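Q: This is entry39.txt, which holds compact mmCIF, C-alpha atoms:
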# COMPACT_ATOMS: atom_id res chain seq x y z
CA MET S 23 -74.85 19.98 18.39
CA SER S 24 -74.77 16.51 16.89
CA THR S 25 -71.56 14.52 17.15
CA LYS S 26 -72.33 12.45 14.10
CA VAL S 27 -69.71 12.66 11.34
CA LYS S 28 -71.48 13.83 8.20
CA LYS S 29 -68.58 14.71 5.96
CA MET S 30 -64.89 13.74 5.77
CA LEU S 31 -62.42 15.93 3.91
CA PHE S 32 -58.99 14.47 3.19
CA ILE S 33 -55.87 16.33 2.14
CA LEU S 34 -53.42 13.97 0.46
CA SER S 35 -49.98 15.59 0.39
CA LYS S 36 -47.77 12.54 -0.20
CA GLY S 37 -47.10 10.52 -3.32
CA THR S 38 -46.30 7.14 -1.79
CA ILE S 39 -48.66 4.27 -2.50
CA GLU S 40 -49.41 3.57 1.17
CA ASN S 41 -50.51 7.15 1.80
CA ALA S 42 -52.66 7.23 -1.32
CA TYR S 43 -54.35 3.99 -0.24
CA ALA S 44 -54.86 5.33 3.29
CA ALA S 45 -56.77 8.31 1.89
CA PHE S 46 -58.68 6.21 -0.65
CA VAL S 47 -59.73 3.49 1.79
CA MET S 48 -60.96 6.05 4.30
CA ALA S 49 -62.74 8.19 1.69
CA ASN S 50 -64.40 5.12 0.18
CA GLY S 51 -65.22 3.77 3.64
CA ALA S 52 -66.97 7.03 4.44
CA ARG S 53 -69.13 6.84 1.29
CA MET S 54 -69.97 3.21 2.10
CA GLU S 55 -71.28 4.40 5.49
CA GLY S 56 -73.36 7.12 3.94
CA ILE S 57 -70.89 9.85 4.94
CA ASP S 58 -69.91 12.49 2.36
CA SER S 59 -66.22 12.54 1.43
CA GLU S 60 -63.83 14.61 -0.65
CA ILE S 61 -60.09 14.45 -1.34
CA PHE S 62 -57.84 17.46 -1.98
CA PHE S 63 -54.62 16.43 -3.74
CA THR S 64 -51.69 18.72 -3.02
CA PHE S 65 -47.92 18.65 -3.53
CA PHE S 66 -46.73 15.08 -4.05
CA GLY S 67 -50.27 13.84 -3.54
CA LEU S 68 -50.87 15.10 -7.08
CA GLU S 69 -48.92 12.08 -8.36
CA ALA S 70 -51.98 9.96 -7.54
CA ILE S 71 -54.17 11.88 -10.02
CA GLN S 72 -51.67 12.35 -12.86
CA LYS S 73 -52.63 10.08 -15.73
CA LYS S 74 -49.02 9.15 -16.47
CA LYS S 75 -47.94 8.61 -12.88
CA LEU S 76 -50.82 7.11 -10.95
CA ASP S 77 -50.04 3.53 -11.90
CA HIS S 78 -46.43 3.92 -10.81
CA LEU S 79 -46.75 5.02 -7.17
CA ARG S 80 -44.30 3.31 -4.88
CA VAL S 81 -43.85 2.41 -1.26
CA ALA S 82 -41.02 4.32 0.50
CA THR S 83 -38.23 1.96 1.56
CA VAL S 84 -35.90 4.69 2.88
CA GLY S 85 -36.71 6.56 6.06
CA ASN S 86 -39.45 4.11 6.90
CA PRO S 87 -38.57 2.18 10.09
CA ALA S 88 -41.63 -0.06 9.69
CA MET S 89 -40.02 -1.64 6.60
CA HIS S 90 -37.58 -3.34 9.03
CA MET S 91 -34.80 -2.93 6.53
CA PRO S 92 -31.51 -1.05 7.00
CA THR S 93 -31.71 2.40 5.38
CA MET S 94 -28.62 1.66 3.23
CA LEU S 95 -30.28 -1.47 1.85
CA GLY S 96 -33.54 0.33 1.18
CA GLY S 97 -31.65 2.80 -0.99
CA LEU S 98 -30.26 0.14 -3.33
CA PRO S 99 -31.52 0.25 -6.93
CA GLY S 100 -34.66 -1.81 -7.45
CA MET S 101 -35.48 -2.04 -3.75
CA GLU S 102 -38.48 0.28 -3.94
CA ALA S 103 -39.82 -1.48 -7.00
CA LEU S 104 -39.48 -4.86 -5.29
CA ALA S 105 -41.19 -3.72 -2.09
CA THR S 106 -43.96 -2.10 -4.15
CA LYS S 107 -44.48 -5.26 -6.19
CA MET S 108 -44.80 -7.32 -3.03
CA MET S 109 -47.23 -4.87 -1.50
CA LYS S 110 -49.38 -4.75 -4.64
CA LYS S 111 -49.53 -8.55 -4.63
CA GLU S 112 -50.81 -8.60 -1.06
CA MET S 113 -53.33 -5.87 -1.87
CA GLU S 114 -54.64 -7.81 -4.86
CA LYS S 115 -55.27 -10.77 -2.52
CA LEU S 116 -57.50 -8.51 -0.43
CA ASP S 117 -59.28 -7.37 -3.60
CA MET S 118 -57.89 -3.83 -3.24
CA PRO S 119 -58.35 -2.05 -6.55
CA PRO S 120 -55.29 -0.53 -8.25
CA ILE S 121 -55.02 3.29 -7.92
CA GLY S 122 -56.69 4.08 -11.27
CA GLU S 123 -59.63 1.77 -10.65
CA PHE S 124 -59.94 3.02 -7.07
CA LEU S 125 -60.24 6.62 -8.34
CA GLU S 126 -63.05 5.52 -10.69
CA ILE S 127 -64.87 3.84 -7.81
CA LEU S 128 -64.45 6.94 -5.61
CA SER S 129 -65.73 9.26 -8.31
CA ASP S 130 -68.71 7.01 -9.09
CA SER S 131 -69.43 6.81 -5.36
CA GLY S 132 -69.87 10.56 -5.24
CA CYS S 133 -66.53 11.31 -3.56
CA LYS S 134 -65.34 14.69 -4.85
CA LEU S 135 -61.75 14.82 -6.12
CA TRP S 136 -59.93 18.17 -6.17
CA GLY S 137 -56.50 19.32 -7.32
CA CYS S 138 -54.68 22.02 -5.35
CA LYS S 139 -54.19 25.12 -7.50
CA LEU S 140 -50.92 26.19 -5.93
CA ALA S 141 -49.31 22.76 -6.34
CA VAL S 142 -50.68 22.32 -9.88
CA ASP S 143 -49.07 25.66 -10.80
CA MET S 144 -45.84 24.80 -9.02
CA PHE S 145 -45.42 21.51 -10.87
CA HIS S 146 -46.48 23.17 -14.17
CA LEU S 147 -49.31 20.71 -14.66
CA LYS S 148 -52.14 21.17 -17.13
CA ARG S 149 -55.74 20.06 -16.68
CA GLU S 150 -55.21 17.33 -19.29
CA ASP S 151 -52.32 15.87 -17.26
CA LEU S 152 -54.82 15.06 -14.54
CA ILE S 153 -57.52 12.36 -14.52
CA ASP S 154 -60.77 13.11 -16.34
CA ASP S 155 -62.79 12.29 -13.21
CA LEU S 156 -61.25 15.24 -11.33
CA ASP S 157 -64.01 17.59 -10.14
CA GLY S 158 -61.86 20.70 -10.40
CA ILE S 159 -58.83 22.65 -9.24
CA LEU S 160 -59.32 24.63 -6.04
CA THR S 161 -57.45 27.04 -3.82
CA ILE S 162 -57.17 26.02 -0.18
CA GLY S 163 -59.71 28.75 0.59
CA ASP S 164 -62.22 27.14 -1.79
CA PHE S 165 -61.56 23.82 -0.10
CA TYR S 166 -62.11 25.23 3.39
CA SER S 167 -65.44 26.66 2.30
CA ARG S 168 -66.49 23.08 1.50
CA ALA S 169 -65.85 22.23 5.17
CA ASP S 170 -68.17 24.93 6.41
CA GLN S 171 -70.85 22.70 7.92
CA GLU S 172 -71.70 20.83 11.10
CA GLY S 173 -70.25 17.34 11.51
CA CYS S 174 -67.34 17.89 9.11
CA GLN S 175 -63.82 16.60 9.77
CA LEU S 176 -60.58 17.44 7.96
CA LEU S 177 -57.71 14.98 7.80
CA PHE S 178 -54.18 15.66 6.53
CA ILE S 179 -52.30 12.69 5.11
CA MET H 1 -83.45 -10.61 19.38
CA LYS H 2 -86.87 -10.98 17.79
CA LYS H 3 -88.50 -8.46 15.51
CA VAL H 4 -91.89 -8.57 13.84
CA ILE H 5 -91.51 -7.92 10.12
CA ALA H 6 -94.45 -8.35 7.74
CA ASN H 7 -96.42 -9.98 10.60
CA LYS H 8 -93.74 -12.64 11.05
CA GLU H 9 -91.44 -13.02 14.01
CA ILE H 10 -87.88 -12.86 12.70
CA ASP H 11 -84.50 -13.28 14.45
CA VAL H 12 -82.29 -10.25 13.93
CA ASN H 13 -79.12 -8.78 15.47
CA GLU H 14 -78.88 -5.32 17.13
CA GLU H 15 -78.49 -3.64 13.75
CA GLY H 16 -81.52 -5.39 12.29
CA TYR H 17 -79.66 -7.90 10.10
CA LEU H 18 -81.38 -11.25 9.73
CA LEU H 19 -79.68 -14.06 11.63
CA ASP H 20 -81.23 -16.86 9.61
CA PHE H 21 -81.55 -16.42 5.87
CA LYS H 22 -84.19 -19.17 5.78
CA GLN H 23 -86.61 -16.72 7.40
CA TRP H 24 -86.19 -14.24 4.53
CA ASP H 25 -88.86 -13.81 1.87
CA ARG H 26 -89.93 -11.11 -0.57
CA GLU H 27 -92.54 -9.67 1.82
CA ILE H 28 -89.96 -9.24 4.56
CA CYS H 29 -87.57 -7.80 2.02
CA GLU H 30 -90.08 -5.14 0.99
CA CYS H 31 -90.81 -4.26 4.63
CA ILE H 32 -87.12 -3.78 5.49
CA ALA H 33 -86.65 -1.73 2.33
CA GLY H 34 -89.62 0.42 3.39
CA GLU H 35 -87.94 1.05 6.75
CA CYS H 36 -84.92 2.33 4.76
CA ASP H 37 -87.26 4.53 2.65
CA ILE H 38 -86.53 2.45 -0.43
CA VAL H 39 -89.26 1.32 -2.83
CA LEU H 40 -88.00 -1.80 -4.55
CA THR H 41 -87.94 -1.75 -8.33
CA GLU H 42 -86.97 -4.39 -10.89
CA ARG H 43 -83.37 -3.07 -10.75
CA HIS H 44 -83.25 -3.51 -6.97
CA TRP H 45 -84.35 -7.13 -7.35
CA GLU H 46 -81.60 -7.79 -9.88
CA VAL H 47 -79.04 -6.50 -7.37
CA ILE H 48 -80.59 -8.51 -4.54
CA GLU H 49 -80.40 -11.60 -6.74
CA TYR H 50 -76.71 -10.91 -7.42
CA ILE H 51 -76.08 -10.47 -3.67
CA HIS H 52 -77.85 -13.75 -2.89
CA ASP H 53 -75.83 -15.50 -5.54
CA LYS H 54 -72.56 -14.22 -4.01
CA HIS H 55 -73.80 -15.20 -0.55
CA HIS H 56 -74.61 -18.77 -1.65
CA LYS H 57 -71.17 -19.09 -3.22
CA GLU H 58 -69.68 -17.68 0.00
CA GLU H 59 -67.86 -15.00 -1.97
CA PRO H 60 -67.29 -11.77 -0.04
CA LEU H 61 -69.05 -8.65 -1.26
CA SER H 62 -67.11 -5.49 -2.03
CA ILE H 63 -67.65 -2.31 -3.96
CA ARG H 64 -65.04 -3.50 -6.46
CA GLY H 65 -67.06 -6.68 -6.91
CA ILE H 66 -70.13 -4.57 -7.65
CA LYS H 67 -68.16 -2.64 -10.27
CA LYS H 68 -67.12 -5.88 -11.95
CA SER H 69 -70.48 -7.61 -11.51
CA GLY H 70 -71.90 -6.72 -14.91
CA VAL H 71 -75.26 -6.34 -13.14
CA ILE H 72 -74.92 -2.75 -11.99
CA ASP H 73 -72.32 0.02 -11.92
CA VAL H 74 -71.15 1.85 -8.81
CA LYS H 75 -73.05 5.05 -9.59
CA GLU H 76 -76.41 3.31 -9.99
CA PHE H 77 -75.72 1.14 -6.93
CA TYR H 78 -75.36 4.28 -4.80
CA SER H 79 -78.51 5.78 -6.28
CA LEU H 80 -80.58 2.62 -5.70
CA PHE H 81 -79.44 2.20 -2.08
CA PRO H 82 -78.65 5.70 -0.78
CA GLY H 83 -76.80 6.20 2.49
CA GLY H 84 -74.38 3.24 2.55
CA PRO H 85 -75.28 1.00 -0.40
CA LEU H 86 -73.65 -2.31 0.58
CA LYS H 87 -74.89 -2.00 4.17
CA LYS H 88 -78.44 -1.26 3.05
CA ALA H 89 -78.47 -3.81 0.23
CA THR H 90 -77.32 -6.67 2.49
CA LEU H 91 -79.78 -5.65 5.21
CA ILE H 92 -82.63 -5.77 2.68
CA ALA H 93 -81.34 -8.98 1.10
CA GLY H 94 -81.38 -10.66 4.52
CA ILE H 95 -77.70 -11.59 4.69
CA PRO H 96 -75.00 -10.49 7.19
CA LYS H 97 -73.38 -7.07 6.92
CA PRO H 98 -70.08 -7.30 4.97
CA LYS H 99 -67.01 -7.19 7.20
CA SER H 100 -64.51 -5.83 4.67
CA CYS H 101 -63.09 -2.28 4.83
CA ILE H 102 -63.22 -2.00 1.04
What is this structure when it is put down as structure tokens?
A:
Amino acid sequence: MSTKVKKMLFILSKGTIENAYAAFVMANGARMEGIDSEIFFTFFGLEAIQKKKLDHLRVATVGNPAMHMPTMLGGLPGMEALATKMMKKEMEKLDMPPIGEFLEILSDSGCKLWGCKLAVDMFHLKREDLIDDLDGILTIGDFYSRADQEGCQLLFI
Amino acid sequence: MKKVIANKEIDVNEEGYLLDFKQWDREICECIAGECDIVLTERHWEVIEYIHDKHHKEEPLSIRGIKKSGVIDVKEFYSLFPGGPLKKATLIAGIPKPKSCI
């Protein structure tokens, strides 16, 4: 059995900007190395593929010890927006594409993008609420069947 | 290390990337492309030209840069250089492998 990674499947379950970028950078990085990649957006991860919401993802300032900010302070109005603005500025310096542009790059790179059926139903979303580049809406069973090959890894974010 | 490409002795690193761009020429380029199972077309040369231009200006290469280049879109870039487009394109163009994660 070969140990070479041939395919990376990501499950993005969170709607914070740092988690979305983690999935996107790794999925794009895989494609750039000639590795197949796919992302399954579930629960709050769906925010990253909703046309109206994807440009407004934020960094979590509460319950995030790495922000080095007292929890009470992080909860103040405008704090999340400020932290997000600062993070986006730093990302722009590194030539990180904004979420919408990143999704276009991923799709054009051949990375498959899937919505989770259960979560789409739960949030009462329609197909037209989601980005046009989405490859489809799958059950978790459908998604697992896409992992059914040698050299495939699944990652939950 | 040394490697013979197109009957010329060329300095390359362990991954086969040229160490000295001055040693690069079109013949070598076609040989390296052949090793990657790529037959260079006019479109490939346009991309290689763009990559050289960025290299001379010392501007880092990224997939986002490719998207904005106006020379080629991301989809075609992947189809021209299958299996890791930026890695393959820089290898063929005779410049160092990009260090960026994006």
Q: Just the residues within 8 Å of stretch 33-48 of chain S, please, counting only C-alpha atoms, with nothing from its chain fewer than 5 positions along; format it as a VMD selection string.
A: (chain S and resid 61 to 70 79 to 82 121 124 to 125 128 176 to 179) or (chain H and resid 101 to 102)
Q: Report the distance between atom CA of H:Phe77 and atom CA of S:Glu60 in Å, rounded to one decimal place.
A: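 Distance between the two atoms: 19.0 Å.
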Q: Considering all atoms listed in the file, state which residue in the set H:Val39, H:Ile63, H:Leu91, H:Ile32 is at the smallest distance from chain S.
A: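 So, comparing all the options, the nearest one is H:Ile63.
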Q: Nearest to chain S among H:Lys22, H:Lys3, H:Lys88, H:Lys54, with distances taken over all atoms listed in the file: which residue is it?
A: H:Lys88
Q: Could you pull the residues within 12 Å of S:Arg149, counting all atoms listed in the file, minus those fewer than 4 positions along the same chain, as a ChimeraX atom specification?
A: /S:68,71-73,136-139,142-143,145,153-159
Q: Residues at most 12 Å from H:His56, counting all atoms listed in the file, excluding those fewer than 6 positions away in the same chain, as a PyMOL selection string?
A: chain H and resi 21+49-50+95
